[in-house]
file model_5.cif (mmCIF, C-alpha atoms)
data_model
loop_
_atom_site.label_atom_id
_atom_site.label_comp_id
_atom_site.auth_asym_id
_atom_site.auth_seq_id
_atom_site.Cartn_x
_atom_site.Cartn_y
_atom_site.Cartn_z
CA ALA A 1 39.58 -100.51 -28.87
CA GLN A 2 36.68 -98.51 -27.53
CA SER A 3 36.70 -96.00 -24.70
CA VAL A 4 34.52 -93.47 -22.95
CA ALA A 5 35.50 -90.30 -21.12
CA GLN A 6 33.32 -88.51 -18.62
CA PRO A 7 35.41 -85.42 -17.93
CA GLU A 8 33.55 -84.31 -14.81
CA ASP A 9 33.59 -86.33 -11.61
CA GLN A 10 30.79 -84.18 -10.24
CA VAL A 11 28.19 -81.80 -11.62
CA ASN A 12 26.29 -79.41 -9.38
CA VAL A 13 23.07 -77.74 -10.47
CA ALA A 14 20.21 -75.95 -8.80
CA GLU A 15 16.76 -77.47 -8.92
CA GLY A 16 14.79 -76.14 -11.87
CA ASN A 17 17.90 -75.31 -13.89
CA PRO A 18 18.94 -77.24 -16.99
CA LEU A 19 21.60 -79.88 -16.55
CA THR A 20 24.24 -81.39 -18.81
CA VAL A 21 26.43 -84.39 -18.08
CA LYS A 22 29.23 -84.74 -20.61
CA CYS A 23 30.46 -87.83 -22.41
CA THR A 24 32.93 -88.32 -25.25
CA TYR A 25 33.79 -91.61 -26.85
CA SER A 26 36.22 -93.39 -29.13
CA VAL A 27 35.23 -96.43 -31.15
CA SER A 28 35.88 -98.08 -34.47
CA GLY A 29 32.92 -98.00 -36.78
CA ASN A 30 29.47 -96.80 -35.90
CA PRO A 31 28.94 -96.23 -32.18
CA TYR A 32 26.18 -97.61 -30.04
CA LEU A 33 25.83 -95.20 -27.10
CA PHE A 34 24.04 -95.53 -23.78
CA TRP A 35 23.33 -93.71 -20.56
CA TYR A 36 22.66 -95.47 -17.28
CA VAL A 37 21.84 -94.06 -13.84
CA GLN A 38 22.73 -95.52 -10.47
CA TYR A 39 20.94 -94.50 -7.30
CA PRO A 40 22.56 -95.20 -3.90
CA ASN A 41 22.76 -98.88 -3.02
CA ARG A 42 21.21 -99.88 -6.33
CA GLY A 43 22.38 -101.31 -9.62
CA LEU A 44 22.44 -99.34 -12.83
CA GLN A 45 19.22 -98.49 -14.64
CA PHE A 46 18.98 -97.92 -18.38
CA LEU A 47 18.08 -94.34 -19.37
CA LEU A 48 18.44 -94.16 -23.13
CA LYS A 49 20.41 -95.31 -26.14
CA TYR A 50 21.53 -94.11 -29.54
CA ILE A 51 22.01 -96.59 -32.35
CA THR A 52 21.00 -94.74 -35.48
CA GLY A 53 18.59 -92.05 -36.62
CA ASP A 54 17.85 -88.72 -34.98
CA ASN A 55 20.76 -87.18 -33.14
CA LEU A 56 18.51 -86.20 -30.23
CA VAL A 57 17.42 -89.22 -28.24
CA LYS A 58 14.72 -89.08 -25.59
CA GLY A 59 14.78 -91.40 -22.61
CA SER A 60 13.33 -92.07 -19.20
CA TYR A 61 12.52 -89.47 -16.51
CA GLY A 62 12.66 -86.54 -18.95
CA PHE A 63 16.28 -87.07 -19.92
CA GLU A 64 17.59 -86.72 -23.43
CA ALA A 65 20.97 -87.00 -25.07
CA GLU A 66 22.48 -85.43 -28.14
CA PHE A 67 24.73 -87.41 -30.44
CA ASN A 68 27.41 -85.35 -32.18
CA LYS A 69 29.47 -87.40 -34.58
CA SER A 70 32.02 -84.71 -35.43
CA GLN A 71 32.78 -84.08 -31.76
CA THR A 72 32.38 -87.75 -30.79
CA SER A 73 30.16 -86.70 -27.94
CA PHE A 74 26.94 -87.94 -26.40
CA HIS A 75 25.99 -85.46 -23.68
CA LEU A 76 23.08 -86.15 -21.36
CA LYS A 77 20.65 -83.30 -20.79
CA LYS A 78 17.50 -82.38 -18.95
CA PRO A 79 15.69 -79.04 -19.26
CA SER A 80 14.74 -78.75 -15.59
CA ALA A 81 16.60 -80.66 -12.87
CA LEU A 82 14.91 -82.26 -9.87
CA VAL A 83 16.48 -83.03 -6.51
CA SER A 84 15.50 -86.65 -7.12
CA ASP A 85 17.78 -86.68 -10.21
CA SER A 86 20.78 -86.69 -7.87
CA ALA A 87 22.62 -89.91 -8.66
CA LEU A 88 25.63 -91.38 -10.43
CA TYR A 89 25.43 -91.33 -14.22
CA PHE A 90 27.35 -93.61 -16.54
CA CYS A 91 27.91 -93.27 -20.25
CA ALA A 92 28.73 -96.40 -22.24
CA VAL A 93 29.77 -97.17 -25.81
CA ARG A 94 30.12 -100.24 -27.92
CA GLY A 95 31.40 -100.68 -31.43
CA GLY A 96 31.95 -104.02 -33.09
CA SER A 97 32.14 -105.87 -29.80
CA TYR A 98 28.89 -106.80 -28.09
CA ILE A 99 30.34 -105.68 -24.78
CA PRO A 100 29.85 -102.04 -23.84
CA THR A 101 32.63 -100.02 -22.24
CA PHE A 102 31.51 -97.77 -19.40
CA GLY A 103 32.88 -94.43 -18.29
CA ARG A 104 33.96 -93.79 -14.73
CA GLY A 105 30.70 -92.10 -13.88
CA THR A 106 29.64 -88.55 -13.04
CA SER A 107 27.98 -87.70 -9.75
CA LEU A 108 25.08 -85.33 -10.31
CA ILE A 109 24.04 -83.25 -7.31
CA VAL A 110 20.89 -81.18 -7.61
CA HIS A 111 20.54 -78.57 -4.88
CA PRO A 112 17.08 -77.50 -3.62
CA LYS B 1 8.40 -109.76 -13.51
CA ALA B 2 11.24 -110.16 -11.02
CA GLY B 3 14.42 -108.24 -11.67
CA VAL B 4 18.01 -109.41 -11.52
CA THR B 5 18.73 -110.89 -8.10
CA GLN B 6 22.19 -111.00 -6.58
CA THR B 7 23.14 -112.76 -3.37
CA PRO B 8 24.54 -112.12 -0.92
CA ARG B 9 24.16 -108.37 -0.63
CA TYR B 10 27.26 -107.96 1.52
CA LEU B 11 30.32 -110.10 2.13
CA ILE B 12 33.34 -109.69 4.35
CA LYS B 13 36.32 -111.92 3.71
CA THR B 14 39.99 -111.97 4.58
CA ARG B 15 42.97 -112.10 2.26
CA GLY B 16 43.64 -115.50 0.79
CA GLN B 17 40.07 -116.74 1.10
CA GLN B 18 37.81 -117.46 -1.81
CA VAL B 19 34.29 -116.25 -2.45
CA THR B 20 31.33 -117.20 -4.64
CA LEU B 21 28.71 -114.69 -5.73
CA SER B 22 25.37 -115.62 -7.23
CA CYS B 23 23.17 -113.98 -9.85
CA SER B 24 19.69 -114.90 -11.04
CA PRO B 25 18.79 -113.11 -14.28
CA ILE B 26 15.39 -111.92 -15.38
CA SER B 27 13.25 -114.80 -16.56
CA GLY B 28 13.87 -115.42 -20.27
CA HIS B 29 17.24 -113.69 -20.32
CA ARG B 30 19.99 -115.99 -21.47
CA SER B 31 22.94 -113.64 -21.23
CA VAL B 32 24.58 -112.77 -17.91
CA SER B 33 27.57 -110.49 -17.54
CA TRP B 34 29.59 -109.46 -14.52
CA TYR B 35 31.18 -106.10 -13.71
CA GLN B 36 33.44 -104.86 -10.97
CA GLN B 37 32.66 -101.35 -9.74
CA THR B 38 35.16 -99.30 -7.77
CA PRO B 39 35.12 -95.54 -7.11
CA GLY B 40 38.29 -94.90 -9.04
CA GLN B 41 37.81 -97.21 -12.01
CA GLY B 42 34.09 -97.11 -12.63
CA LEU B 43 32.69 -100.32 -14.15
CA GLN B 44 35.15 -102.89 -15.39
CA PHE B 45 33.87 -105.80 -17.44
CA LEU B 46 34.71 -109.24 -16.07
CA PHE B 47 32.99 -111.75 -18.34
CA GLU B 48 29.77 -112.62 -20.07
CA TYR B 49 28.00 -115.95 -20.34
CA PHE B 50 25.39 -116.96 -22.84
CA SER B 51 23.69 -120.35 -22.79
CA GLU B 52 26.25 -121.73 -20.33
CA THR B 53 29.23 -120.67 -22.47
CA GLN B 54 31.63 -117.86 -21.71
CA ARG B 55 31.41 -115.58 -24.72
CA ASN B 56 33.57 -112.66 -23.69
CA LYS B 57 36.19 -112.03 -21.04
CA GLY B 58 37.64 -108.84 -19.64
CA ASN B 59 41.17 -108.15 -18.54
CA PHE B 60 41.15 -109.75 -15.11
CA PRO B 61 43.49 -112.40 -13.66
CA GLY B 62 42.60 -116.06 -13.66
CA ARG B 63 41.59 -115.83 -9.99
CA PHE B 64 38.29 -114.50 -11.31
CA SER B 65 36.12 -117.17 -12.84
CA GLY B 66 32.49 -117.81 -13.48
CA ARG B 67 29.95 -120.20 -14.80
CA GLN B 68 26.38 -120.30 -15.96
CA PHE B 69 23.87 -123.02 -15.32
CA SER B 70 21.18 -124.42 -17.60
CA ASN B 71 18.56 -122.21 -15.93
CA SER B 72 20.73 -119.15 -16.80
CA ARG B 73 21.68 -118.50 -13.20
CA SER B 74 25.32 -117.55 -12.89
CA GLU B 75 28.01 -117.68 -10.27
CA MET B 76 31.24 -115.79 -10.03
CA ASN B 77 34.18 -117.07 -8.02
CA VAL B 78 37.23 -115.19 -6.81
CA SER B 79 40.04 -117.24 -5.33
CA THR B 80 42.97 -116.12 -3.19
CA LEU B 81 41.35 -112.80 -2.38
CA GLU B 82 43.44 -109.65 -2.32
CA LEU B 83 42.71 -106.32 -0.64
CA GLY B 84 42.27 -104.77 -4.08
CA ASP B 85 39.36 -107.09 -4.83
CA SER B 86 37.18 -105.04 -2.50
CA ALA B 87 34.46 -103.67 -4.74
CA LEU B 88 30.82 -103.78 -5.71
CA TYR B 89 30.24 -106.69 -8.07
CA LEU B 90 27.36 -106.15 -10.42
CA CYS B 91 25.56 -108.71 -12.50
CA ALA B 92 23.59 -107.72 -15.58
CA SER B 93 21.31 -109.74 -17.79
CA ARG B 94 19.87 -109.28 -21.25
CA ARG B 95 17.70 -111.39 -23.45
CA ASP B 96 20.53 -112.25 -25.83
CA GLU B 97 23.84 -110.93 -27.07
CA ALA B 98 22.31 -108.70 -29.68
CA ASN B 99 19.99 -106.98 -27.26
CA GLU B 100 21.42 -103.65 -26.23
CA LYS B 101 19.69 -103.02 -22.94
CA LEU B 102 21.33 -104.38 -19.81
CA PHE B 103 19.34 -104.99 -16.63
CA PHE B 104 21.48 -104.76 -13.52
CA GLY B 105 21.13 -106.28 -10.09
CA SER B 106 21.81 -104.28 -6.94
CA GLY B 107 25.21 -105.90 -6.58
CA THR B 108 27.25 -107.69 -3.96
CA GLN B 109 29.49 -105.46 -1.88
CA LEU B 110 32.66 -107.41 -1.16
CA SER B 111 35.07 -106.21 1.48
CA VAL B 112 38.43 -107.95 1.81
CA LEU B 113 40.23 -107.37 5.12
#
call {"tool": "encode", "arguments": {"input": "model_5.cif", "output": "structure tokens"}}
result
Amino acid sequence: AQSVAQPEDQVNVAEGNPLTVKCTYSVSGNPYLFWYVQYPNRGLQFLLKYITGDNLVKGSYGFEAEFNKSQTSFHLKKPSALVSDSALYFCAVRGGSYIPTFGRGTSLIVHP
Amino acid sequence: KAGVTQTPRYLIKTRGQQVTLSCSPISGHRSVSWYQQTPGQGLQFLFEYFSETQRNKGNFPGRFSGRQFSNSRSEMNVSTLELGDSALYLCASRRDEANEKLFFGSGTQLSVL
């Protein structure tokens, strides 16, 4: 079985500060890891993925994520947050199954 | 290139009724999957279709069913609606099963009264 935990329902950060949205996972075999973002009244949009290679993955809109195998984590980061980054963020993992399992989502609020 | 299109955008039904939701994937995408999104549970996988065949199924009762047509468009049906079926239903397409990136529609917001 595969699972994802996003331990924070909400993350608050001031504009211009760095942000981190946490994700830990459990999966058999090598993990395929993803981050998606959902803006109000919209579907999810793909941000980035990790399959193999460098542990630091760069994605859309200046986001990046760091894969840590020993801690089974895949935290999403951005050096300088924007108010427009405020949205719901989902981490997802898949192992042997082709179907990804999503976390419950973390609401990111960036204050001006 | 048009994105994933879901219709209708909003639906209001009463308990016991049935409902059909529609999804048109991105042109060239042969895989369509459906998810239920609720505030407490996040995204729950319903099923995935590829070339008109259901390839994977989540842990939902038989009241939830779907199908895919030869043009890759997909429909999802929920019979005997319950209050707990109120949710945002998202459709996602990808080129094929091995492709990792999912493209989501804006969803159908279903309210069951």
call {"tool": "residues_around", "arguments": {"input": "model_5.cif", "residues": "Ala2 of chain B", "least_positions_apart": "3", "cutoff": "12 Å", "atoms": "only C-alpha atoms", "output": "JSON, numbers by chain"}}
result
{"B": [5, 6, 24, 25, 26, 27, 28, 29, 103, 104, 105]}
call {"tool": "resolve_selection", "arguments": {"input": "model_5.cif", "expression": "the PyMOL selection byres ((chain B) within 9 of (chain A))", "output": "count of residues only"}}
result
24
call {"tool": "closest_residue", "arguments": {"input": "model_5.cif", "among": "A:His75, A:Ser80, A:Lys69, A:Leu19", "to": "Thr52 of chain A", "atoms": "all atoms listed in the file"}}
result
A:Lys69
call {"tool": "resolve_selection", "arguments": {"input": "model_5.cif", "expression": "the PyMOL selection byres ((chain B and resi 69) around 10)", "output": "list in words"}}
result
Tyr49, Phe50, Ser51, Glu52, Thr53, Arg67, Gln68, Ser70, Asn71, Ser72, Arg73, Ser74 and Glu75 of chain B
call {"tool": "atom_distance", "arguments": {"input": "model_5.cif", "atom1": "atom CA of Phe63 of chain A", "atom2": "atom CA of Lys78 of chain A"}}
result
4.9 Å
call {"tool": "residues_near_point", "arguments": {"input": "model_5.cif", "point": "(35.7, -108.7, -18.4)", "cutoff": "6 Å", "atoms": "all atoms listed in the file", "output": "PyMOL selection string"}}
result
chain B and resi 45-47+57-59
call {"tool": "resolve_selection", "arguments": {"input": "model_5.cif", "expression": "the PyMOL selection byres ((chain A and resi 81) around 8)", "output": "list in words"}}
result
Val13, Ala14, Glu15, Gly16, Asn17, Pro18, Leu19, Lys78, Pro79, Ser80, Leu82, Val83, Asp85 and Val110 of chain A
call {"tool": "atom_distance", "arguments": {"input": "model_5.cif", "atom1": "atom CA of Tyr61 of chain A", "atom2": "atom CA of Ser84 of chain A"}}
result
10.2 Å
call {"tool": "residues_around", "arguments": {"input": "model_5.cif", "residues": "segment 8-19 of chain B", "least_positions_apart": "6", "cutoff": "12 Å", "atoms": "all atoms listed in the file", "output": "PyMOL selection string"}}
result
(chain A and resi 41-43) or (chain B and resi 63-66+75-91+105-113)
call {"tool": "write_last_selection", "arguments": {"input": "model_5.cif", "atoms": "C-alpha atoms", "output": "short mmCIF file (atom, residue, chain, number, x, y, z; two decimals), in the frame of the given file"}}
result
data_model
loop_
_atom_site.label_atom_id
_atom_site.label_comp_id
_atom_site.auth_asym_id
_atom_site.auth_seq_id
_atom_site.Cartn_x
_atom_site.Cartn_y
_atom_site.Cartn_z
CA ASN A 41 22.76 -98.88 -3.02
CA ARG A 42 21.21 -99.88 -6.33
CA GLY A 43 22.38 -101.31 -9.62
CA ARG B 63 41.59 -115.83 -9.99
CA PHE B 64 38.29 -114.50 -11.31
CA SER B 65 36.12 -117.17 -12.84
CA GLY B 66 32.49 -117.81 -13.48
CA GLU B 75 28.01 -117.68 -10.27
CA MET B 76 31.24 -115.79 -10.03
CA ASN B 77 34.18 -117.07 -8.02
CA VAL B 78 37.23 -115.19 -6.81
CA SER B 79 40.04 -117.24 -5.33
CA THR B 80 42.97 -116.12 -3.19
CA LEU B 81 41.35 -112.80 -2.38
CA GLU B 82 43.44 -109.65 -2.32
CA LEU B 83 42.71 -106.32 -0.64
CA GLY B 84 42.27 -104.77 -4.08
CA ASP B 85 39.36 -107.09 -4.83
CA SER B 86 37.18 -105.04 -2.50
CA ALA B 87 34.46 -103.67 -4.74
CA LEU B 88 30.82 -103.78 -5.71
CA TYR B 89 30.24 -106.69 -8.07
CA LEU B 90 27.36 -106.15 -10.42
CA CYS B 91 25.56 -108.71 -12.50
CA GLY B 105 21.13 -106.28 -10.09
CA SER B 106 21.81 -104.28 -6.94
CA GLY B 107 25.21 -105.90 -6.58
CA THR B 108 27.25 -107.69 -3.96
CA GLN B 109 29.49 -105.46 -1.88
CA LEU B 110 32.66 -107.41 -1.16
CA SER B 111 35.07 -106.21 1.48
CA VAL B 112 38.43 -107.95 1.81
CA LEU B 113 40.23 -107.37 5.12
#
call {"tool": "closest_residue", "arguments": {"input": "model_5.cif", "among": "A:Ser107, A:Gln10, A:Ser73, A:Gln2", "to": "Asn55 of chain A", "atoms": "all atoms listed in the file"}}
result
A:Ser73
call {"tool": "axis_aligned_box", "arguments": {"input": "model_5.cif", "around": "segment 78-89 of chain B", "padding_each_side": "3 Å", "output": "JSON"}}
result
{"center_x": 36.8, "center_y": -110.5, "center_z": -4.4, "size_x": 19.2, "size_y": 19.6, "size_z": 13.4}
call {"tool": "closest_residue", "arguments": {"input": "model_5.cif", "among": "A:Ser26, A:Thr20, A:Pro112, A:Pro7", "to": "Glu64 of chain A", "atoms": "only C-alpha atoms"}}
result
A:Thr20
call {"tool": "atom_distance", "arguments": {"input": "model_5.cif", "atom1": "atom CA of Tyr50 of chain A", "atom2": "atom CA of Asn12 of chain A"}}
result
25.4 Å
call {"tool": "closest_residue", "arguments": {"input": "model_5.cif", "among": "A:Cys23, A:Leu56, A:Leu76, A:Val37", "to": "Ser3 of chain A", "atoms": "all atoms listed in the file"}}
result
A:Cys23
call {"tool": "closest_residue", "arguments": {"input": "model_5.cif", "among": "A:Ile109, A:Val11, A:Val93, A:Ala1", "to": "Phe67 of chain A", "atoms": "all atoms listed in the file"}}
result
A:Val93
